[in-house]
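So this one's upload-v4.cif, mmCIF, N, CA and C atoms:
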data_query
loop_
_atom_site.label_atom_id
_atom_site.label_comp_id
_atom_site.auth_asym_id
_atom_site.auth_seq_id
_atom_site.Cartn_x
_atom_site.Cartn_y
_atom_site.Cartn_z
N MET A 1 6.17 28.53 15.27
CA MET A 1 4.77 28.76 14.94
C MET A 1 4.64 30.11 14.24
N GLU A 2 3.86 30.13 13.16
CA GLU A 2 3.67 31.37 12.41
C GLU A 2 2.79 32.33 13.19
N GLN A 3 3.13 33.61 13.04
CA GLN A 3 2.33 34.65 13.69
C GLN A 3 1.03 34.84 12.92
N ARG A 4 -0.02 35.15 13.63
CA ARG A 4 -1.33 35.38 13.02
C ARG A 4 -1.27 36.60 12.11
N THR A 5 -1.71 36.43 10.89
CA THR A 5 -1.79 37.52 9.93
C THR A 5 -3.22 37.61 9.45
N ALA A 6 -3.97 38.56 9.98
CA ALA A 6 -5.37 38.72 9.60
C ALA A 6 -5.44 39.27 8.19
N LEU A 7 -6.18 38.58 7.32
CA LEU A 7 -6.33 39.00 5.94
C LEU A 7 -7.78 39.41 5.68
N SER A 8 -7.94 40.47 4.91
CA SER A 8 -9.28 40.87 4.48
C SER A 8 -9.74 39.92 3.38
N HIS A 9 -11.01 40.03 3.01
CA HIS A 9 -11.55 39.18 1.93
C HIS A 9 -10.74 39.39 0.65
N SER A 10 -10.46 40.63 0.31
CA SER A 10 -9.70 40.94 -0.90
C SER A 10 -8.30 40.35 -0.84
N GLU A 11 -7.68 40.43 0.31
CA GLU A 11 -6.34 39.88 0.48
C GLU A 11 -6.35 38.35 0.36
N TRP A 12 -7.41 37.72 0.86
CA TRP A 12 -7.53 36.26 0.71
C TRP A 12 -7.57 35.88 -0.76
N LEU A 13 -8.31 36.64 -1.57
CA LEU A 13 -8.39 36.33 -3.00
C LEU A 13 -7.01 36.42 -3.65
N ILE A 14 -6.27 37.45 -3.28
CA ILE A 14 -4.91 37.61 -3.83
C ILE A 14 -3.99 36.51 -3.32
N MET A 15 -4.08 36.18 -2.03
CA MET A 15 -3.24 35.11 -1.48
C MET A 15 -3.53 33.79 -2.18
N GLN A 16 -4.81 33.52 -2.46
CA GLN A 16 -5.16 32.26 -3.16
C GLN A 16 -4.43 32.19 -4.50
N GLU A 17 -4.37 33.31 -5.18
CA GLU A 17 -3.68 33.35 -6.49
C GLU A 17 -2.18 33.13 -6.33
N ILE A 18 -1.58 33.75 -5.34
CA ILE A 18 -0.14 33.58 -5.11
C ILE A 18 0.16 32.14 -4.68
N TRP A 19 -0.64 31.60 -3.76
CA TRP A 19 -0.43 30.21 -3.34
C TRP A 19 -0.59 29.26 -4.53
N ARG A 20 -1.59 29.50 -5.36
CA ARG A 20 -1.85 28.63 -6.51
C ARG A 20 -0.64 28.57 -7.45
N ARG A 21 0.00 29.72 -7.62
CA ARG A 21 1.12 29.80 -8.56
C ARG A 21 2.48 29.52 -7.90
N GLY A 22 2.56 29.66 -6.59
CA GLY A 22 3.84 29.53 -5.88
C GLY A 22 4.53 30.87 -5.75
N THR A 23 4.70 31.57 -6.85
CA THR A 23 5.11 32.97 -6.90
C THR A 23 4.31 33.59 -8.03
N ALA A 24 4.14 34.90 -7.99
CA ALA A 24 3.34 35.53 -9.04
C ALA A 24 3.82 36.96 -9.30
N SER A 25 3.77 37.33 -10.56
CA SER A 25 4.06 38.71 -10.93
C SER A 25 2.81 39.56 -10.71
N PHE A 26 3.00 40.85 -10.74
CA PHE A 26 1.85 41.76 -10.61
C PHE A 26 0.82 41.45 -11.68
N ARG A 27 1.24 41.27 -12.92
CA ARG A 27 0.31 40.99 -14.03
C ARG A 27 -0.43 39.69 -13.79
N GLU A 28 0.28 38.64 -13.35
CA GLU A 28 -0.37 37.35 -13.09
C GLU A 28 -1.43 37.48 -11.99
N ILE A 29 -1.11 38.26 -10.97
CA ILE A 29 -2.08 38.47 -9.90
C ILE A 29 -3.30 39.21 -10.43
N CYS A 30 -3.06 40.27 -11.19
CA CYS A 30 -4.18 41.03 -11.77
C CYS A 30 -5.05 40.14 -12.65
N ASP A 31 -4.40 39.31 -13.47
CA ASP A 31 -5.16 38.39 -14.34
C ASP A 31 -5.95 37.39 -13.50
N GLY A 32 -5.35 36.92 -12.41
CA GLY A 32 -6.00 35.92 -11.56
C GLY A 32 -7.21 36.44 -10.80
N VAL A 33 -7.23 37.73 -10.55
CA VAL A 33 -8.36 38.32 -9.81
C VAL A 33 -9.17 39.26 -10.70
N ALA A 34 -9.06 39.09 -12.01
CA ALA A 34 -9.71 39.98 -12.98
C ALA A 34 -11.22 40.09 -12.78
N GLU A 35 -11.85 39.00 -12.35
CA GLU A 35 -13.31 39.05 -12.18
C GLU A 35 -13.75 40.02 -11.08
N GLN A 36 -12.80 40.47 -10.26
CA GLN A 36 -13.12 41.44 -9.22
C GLN A 36 -13.21 42.87 -9.77
N HIS A 37 -12.69 43.06 -10.98
CA HIS A 37 -12.71 44.38 -11.64
C HIS A 37 -11.99 45.44 -10.82
N TRP A 38 -10.86 45.04 -10.19
CA TRP A 38 -10.06 46.00 -9.43
C TRP A 38 -9.11 46.70 -10.38
N SER A 39 -8.84 47.95 -10.13
CA SER A 39 -7.86 48.68 -10.93
C SER A 39 -6.45 48.22 -10.53
N GLY A 40 -5.49 48.49 -11.39
CA GLY A 40 -4.09 48.17 -11.07
C GLY A 40 -3.65 48.82 -9.77
N PRO A 41 -3.94 50.13 -9.59
CA PRO A 41 -3.55 50.76 -8.33
C PRO A 41 -4.21 50.12 -7.09
N ALA A 42 -5.42 49.62 -7.25
CA ALA A 42 -6.08 48.96 -6.11
C ALA A 42 -5.34 47.67 -5.76
N VAL A 43 -4.99 46.88 -6.77
CA VAL A 43 -4.25 45.64 -6.52
C VAL A 43 -2.89 45.97 -5.90
N ALA A 44 -2.24 47.01 -6.41
CA ALA A 44 -0.94 47.42 -5.85
C ALA A 44 -1.09 47.81 -4.39
N ALA A 45 -2.17 48.49 -4.04
CA ALA A 45 -2.40 48.88 -2.65
C ALA A 45 -2.61 47.65 -1.77
N PHE A 46 -3.37 46.67 -2.26
CA PHE A 46 -3.56 45.43 -1.50
C PHE A 46 -2.21 44.74 -1.27
N LEU A 47 -1.41 44.65 -2.32
CA LEU A 47 -0.11 43.98 -2.22
C LEU A 47 0.80 44.70 -1.22
N LYS A 48 0.80 46.01 -1.26
CA LYS A 48 1.62 46.79 -0.34
C LYS A 48 1.18 46.54 1.11
N ARG A 49 -0.13 46.51 1.33
CA ARG A 49 -0.67 46.25 2.67
C ARG A 49 -0.32 44.83 3.13
N MET A 50 -0.39 43.88 2.21
CA MET A 50 -0.06 42.49 2.55
C MET A 50 1.42 42.33 2.87
N GLU A 51 2.26 43.09 2.18
CA GLU A 51 3.69 43.08 2.50
C GLU A 51 3.91 43.63 3.91
N ALA A 52 3.24 44.73 4.23
CA ALA A 52 3.38 45.35 5.56
C ALA A 52 2.92 44.40 6.66
N LYS A 53 1.94 43.57 6.37
CA LYS A 53 1.44 42.60 7.35
C LYS A 53 2.36 41.39 7.48
N GLY A 54 3.28 41.23 6.54
CA GLY A 54 4.17 40.07 6.58
C GLY A 54 3.58 38.84 5.92
N ALA A 55 2.53 39.02 5.11
CA ALA A 55 1.90 37.88 4.44
C ALA A 55 2.65 37.49 3.17
N ILE A 56 3.24 38.47 2.50
CA ILE A 56 3.95 38.24 1.26
C ILE A 56 5.25 39.05 1.25
N ALA A 57 6.11 38.72 0.31
CA ALA A 57 7.32 39.51 0.07
C ALA A 57 7.42 39.73 -1.43
N CYS A 58 8.05 40.80 -1.79
CA CYS A 58 8.26 41.11 -3.20
C CYS A 58 9.75 40.94 -3.50
N ARG A 59 10.05 40.12 -4.49
CA ARG A 59 11.43 39.88 -4.90
C ARG A 59 11.61 40.42 -6.31
N ASP A 60 12.68 41.16 -6.51
CA ASP A 60 12.98 41.72 -7.82
C ASP A 60 13.72 40.67 -8.63
N VAL A 61 12.98 39.93 -9.43
CA VAL A 61 13.55 38.89 -10.28
C VAL A 61 13.42 39.41 -11.71
N LYS A 62 14.50 39.92 -12.24
CA LYS A 62 14.47 40.55 -13.56
C LYS A 62 13.81 39.62 -14.57
N PRO A 63 12.95 40.07 -15.41
CA PRO A 63 12.61 41.46 -15.68
C PRO A 63 11.43 41.99 -14.85
N VAL A 64 10.83 41.16 -14.01
CA VAL A 64 9.67 41.63 -13.24
C VAL A 64 9.83 41.29 -11.77
N LYS A 65 9.05 41.96 -10.96
CA LYS A 65 9.01 41.62 -9.53
C LYS A 65 8.08 40.43 -9.35
N ARG A 66 8.44 39.55 -8.40
CA ARG A 66 7.62 38.38 -8.09
C ARG A 66 7.18 38.47 -6.64
N TYR A 67 5.94 38.14 -6.40
CA TYR A 67 5.40 38.12 -5.04
C TYR A 67 5.39 36.68 -4.56
N ILE A 68 5.90 36.48 -3.35
CA ILE A 68 5.97 35.14 -2.78
C ILE A 68 5.24 35.12 -1.44
N PRO A 69 4.59 34.00 -1.13
CA PRO A 69 3.90 33.91 0.16
C PRO A 69 4.89 33.72 1.30
N LEU A 70 4.64 34.39 2.41
CA LEU A 70 5.45 34.20 3.61
C LEU A 70 4.69 33.41 4.67
N ILE A 71 3.42 33.17 4.40
CA ILE A 71 2.61 32.34 5.31
C ILE A 71 2.15 31.12 4.53
N ARG A 72 2.14 29.99 5.21
CA ARG A 72 1.70 28.75 4.58
C ARG A 72 0.18 28.75 4.48
N ARG A 73 -0.31 28.26 3.37
CA ARG A 73 -1.75 28.22 3.14
C ARG A 73 -2.47 27.42 4.23
N GLU A 74 -1.94 26.26 4.56
CA GLU A 74 -2.59 25.38 5.54
C GLU A 74 -2.71 26.08 6.89
N ALA A 75 -1.63 26.74 7.31
CA ALA A 75 -1.64 27.44 8.60
C ALA A 75 -2.63 28.60 8.58
N ALA A 76 -2.67 29.34 7.48
CA ALA A 76 -3.59 30.48 7.38
C ALA A 76 -5.04 30.01 7.39
N VAL A 77 -5.33 28.92 6.68
CA VAL A 77 -6.69 28.39 6.63
C VAL A 77 -7.11 27.89 8.01
N GLN A 78 -6.23 27.18 8.69
CA GLN A 78 -6.56 26.68 10.03
C GLN A 78 -6.83 27.83 10.99
N GLU A 79 -6.01 28.86 10.94
CA GLU A 79 -6.19 30.01 11.83
C GLU A 79 -7.49 30.74 11.51
N GLU A 80 -7.78 30.91 10.24
CA GLU A 80 -9.03 31.58 9.84
C GLU A 80 -10.24 30.75 10.27
N THR A 81 -10.13 29.45 10.15
CA THR A 81 -11.22 28.56 10.57
C THR A 81 -11.46 28.69 12.07
N ARG A 82 -10.39 28.68 12.85
CA ARG A 82 -10.54 28.85 14.31
C ARG A 82 -11.18 30.21 14.62
N ASP A 83 -10.77 31.24 13.88
CA ASP A 83 -11.32 32.57 14.11
C ASP A 83 -12.82 32.62 13.80
N VAL A 84 -13.23 32.01 12.68
CA VAL A 84 -14.66 31.98 12.32
C VAL A 84 -15.45 31.21 13.37
N ILE A 85 -14.93 30.07 13.80
CA ILE A 85 -15.63 29.28 14.82
C ILE A 85 -15.79 30.10 16.10
N ARG A 86 -14.75 30.83 16.47
CA ARG A 86 -14.82 31.66 17.68
C ARG A 86 -15.79 32.83 17.50
N ARG A 87 -15.63 33.58 16.40
CA ARG A 87 -16.42 34.80 16.19
C ARG A 87 -17.87 34.53 15.85
N VAL A 88 -18.09 33.64 14.89
CA VAL A 88 -19.44 33.42 14.36
C VAL A 88 -20.23 32.41 15.18
N TYR A 89 -19.56 31.35 15.62
CA TYR A 89 -20.26 30.27 16.32
C TYR A 89 -19.98 30.25 17.82
N GLY A 90 -19.32 31.28 18.32
CA GLY A 90 -19.05 31.35 19.75
C GLY A 90 -18.24 30.18 20.27
N GLY A 91 -17.41 29.61 19.39
CA GLY A 91 -16.58 28.48 19.79
C GLY A 91 -17.29 27.13 19.72
N ASP A 92 -18.54 27.12 19.30
CA ASP A 92 -19.35 25.91 19.28
C ASP A 92 -19.22 25.20 17.93
N VAL A 93 -18.34 24.20 17.87
CA VAL A 93 -18.10 23.46 16.63
C VAL A 93 -19.34 22.68 16.21
N ALA A 94 -20.10 22.18 17.18
CA ALA A 94 -21.33 21.44 16.86
C ALA A 94 -22.32 22.35 16.13
N LEU A 95 -22.39 23.62 16.54
CA LEU A 95 -23.27 24.57 15.87
C LEU A 95 -22.82 24.80 14.42
N LEU A 96 -21.52 24.83 14.20
CA LEU A 96 -21.00 24.94 12.84
C LEU A 96 -21.45 23.74 12.01
N ALA A 97 -21.27 22.55 12.54
CA ALA A 97 -21.67 21.33 11.83
C ALA A 97 -23.16 21.33 11.55
N GLN A 98 -23.95 21.72 12.55
CA GLN A 98 -25.40 21.79 12.38
C GLN A 98 -25.76 22.78 11.28
N SER A 99 -25.08 23.90 11.24
CA SER A 99 -25.31 24.92 10.22
C SER A 99 -24.99 24.39 8.82
N LEU A 100 -23.88 23.66 8.70
CA LEU A 100 -23.51 23.08 7.40
C LEU A 100 -24.56 22.10 6.91
N VAL A 101 -25.05 21.27 7.81
CA VAL A 101 -26.05 20.27 7.44
C VAL A 101 -27.39 20.95 7.13
N ALA A 102 -27.82 21.85 7.99
CA ALA A 102 -29.13 22.50 7.82
C ALA A 102 -29.18 23.37 6.56
N SER A 103 -28.07 23.99 6.21
CA SER A 103 -28.06 24.87 5.03
C SER A 103 -27.86 24.09 3.74
N ARG A 104 -27.66 22.80 3.87
CA ARG A 104 -27.40 21.93 2.72
C ARG A 104 -26.16 22.40 1.94
N ALA A 105 -25.18 22.91 2.69
CA ALA A 105 -23.93 23.38 2.09
C ALA A 105 -23.08 22.21 1.62
N LEU A 106 -23.36 21.01 2.16
CA LEU A 106 -22.60 19.82 1.79
C LEU A 106 -23.49 18.87 0.99
N ASP A 107 -22.94 18.34 -0.11
CA ASP A 107 -23.68 17.29 -0.81
C ASP A 107 -23.43 15.97 -0.09
N GLU A 108 -24.06 14.92 -0.54
CA GLU A 108 -23.95 13.62 0.14
C GLU A 108 -22.51 13.13 0.21
N GLU A 109 -21.76 13.31 -0.87
CA GLU A 109 -20.37 12.86 -0.90
C GLU A 109 -19.52 13.65 0.09
N GLU A 110 -19.70 14.96 0.13
CA GLU A 110 -18.94 15.79 1.07
C GLU A 110 -19.31 15.46 2.51
N LEU A 111 -20.59 15.21 2.76
CA LEU A 111 -21.03 14.84 4.11
C LEU A 111 -20.39 13.52 4.54
N ALA A 112 -20.36 12.55 3.63
CA ALA A 112 -19.73 11.25 3.94
C ALA A 112 -18.24 11.44 4.22
N GLU A 113 -17.60 12.30 3.44
CA GLU A 113 -16.17 12.58 3.64
C GLU A 113 -15.93 13.23 5.00
N LEU A 114 -16.81 14.16 5.38
CA LEU A 114 -16.69 14.82 6.68
C LEU A 114 -16.86 13.82 7.83
N ILE A 115 -17.85 12.96 7.70
CA ILE A 115 -18.09 11.95 8.73
C ILE A 115 -16.86 11.04 8.86
N ALA A 116 -16.29 10.64 7.72
CA ALA A 116 -15.09 9.78 7.75
C ALA A 116 -13.92 10.51 8.42
N LEU A 117 -13.76 11.80 8.12
CA LEU A 117 -12.68 12.58 8.75
C LEU A 117 -12.88 12.69 10.26
N LEU A 118 -14.12 12.89 10.68
CA LEU A 118 -14.40 12.99 12.11
C LEU A 118 -14.13 11.67 12.81
N ARG A 119 -14.52 10.55 12.19
CA ARG A 119 -14.26 9.24 12.78
C ARG A 119 -12.77 8.97 12.86
N LYS A 120 -12.04 9.32 11.80
CA LYS A 120 -10.59 9.12 11.78
C LYS A 120 -9.93 9.97 12.87
N GLY A 121 -10.38 11.20 13.03
CA GLY A 121 -9.85 12.08 14.07
C GLY A 121 -10.09 11.52 15.44
N ARG A 122 -11.28 10.96 15.67
CA ARG A 122 -11.62 10.39 16.97
C ARG A 122 -10.73 9.21 17.26
N GLU A 123 -10.50 8.35 16.25
CA GLU A 123 -9.65 7.18 16.44
C GLU A 123 -8.20 7.56 16.70
N GLY A 124 -7.77 8.70 16.13
CA GLY A 124 -6.39 9.15 16.30
C GLY A 124 -6.11 9.76 17.65
N SER A 125 -7.16 10.12 18.40
CA SER A 125 -6.93 10.79 19.70
C SER A 125 -6.96 9.83 20.86
#

Exercise: express the given structure as structure tokens:
Amino acid sequence: MEQRTALSHSEWLIMQEIWRRGTASFREICDGVAEQHWSGPAVAAFLKRMEAKGAIACRDVKPVKRYIPLIRREAAVQEETRDVIRRVYGGDVALLAQSLVASRALDEEELAELIALLRKGREGS
């Protein structure tokens, strides 16, 4: 089982870029998060912090260094979801669902997909 690696919002954005590409150079990461208007040194600081946390590794693949994910996206998303449910909703999954419906965060198609997933999960248990 992977160890929990808490990521900040900024680190999540960078991880999304690395996961999307599989591996990424510093330039590719900067290009991928360009809309954040972060300086190169800021991105470098995020990457260094993410390496220290064990979320990514840097490999020297000539002519550039490549950053690779050390945590699986699915595992990180599941852990973050559990953390949000615990912190924000006090562990109450029904309150989360109620919030999604009340805020109209889901369109009709997404709501139908969620209902189908819940039914499938119930049948699987």

> When the PyMOL selection byres (((chain A and resi 29 and name CA) around 12) and name CA) is applied to the file above, which residues end up in the set, as a ChimeraX atom specification?
Replying inline: /A:11,13-28,30-36,38-40,42-44,46-47,65-68

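Relative to atom CA of A:Glu79, atom N of A:Ala57 is found at 19.0 Å.
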
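For stretch 12-42 of chain A, backbone-based DSSP assignment of alpha helix (DSSP H) covers A:Trp12, A:Leu13, A:Ile14, A:Met15, A:Gln16, A:Glu17, A:Ile18, A:Trp19, A:Arg20, A:Arg21, A:Phe26, A:Arg27, A:Glu28, A:Ile29, A:Cys30, A:Asp31, A:Gly32, A:Gly40, A:Pro41, A:Ala42.
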
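In this structure, atom C of A:Gly121 sits 23.9 Å away from atom N of A:Arg104.
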
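Taking atom N of A:Ile56 and atom C of A:Gln78 as the two end points, the separation is 16.9 Å.
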
>> Taking only chain A into account, list the residues labelled strand (DSSP E) by DSSP (computed from the backbone), as a count of residues only.
In response: 14

>> For the PyMOL selection byres (((chain A and resi 70 and name CA) around 6) and name CA), applied here, can you spell out every residue it catches as a PyMOL selection string?
In response: chain A and resi 55-56+69+71

Box for stretch 50-67 of chain A - axis-aligned, 5 Å on each of the six sides, all listed atoms - centre and size in Å to one decimal, as lines of an AutoDock Vina configuration file.
center_x = 7.1
center_y = 41.0
center_z = -4.1
size_x = 24.9
size_y = 18.7
size_z = 33.2
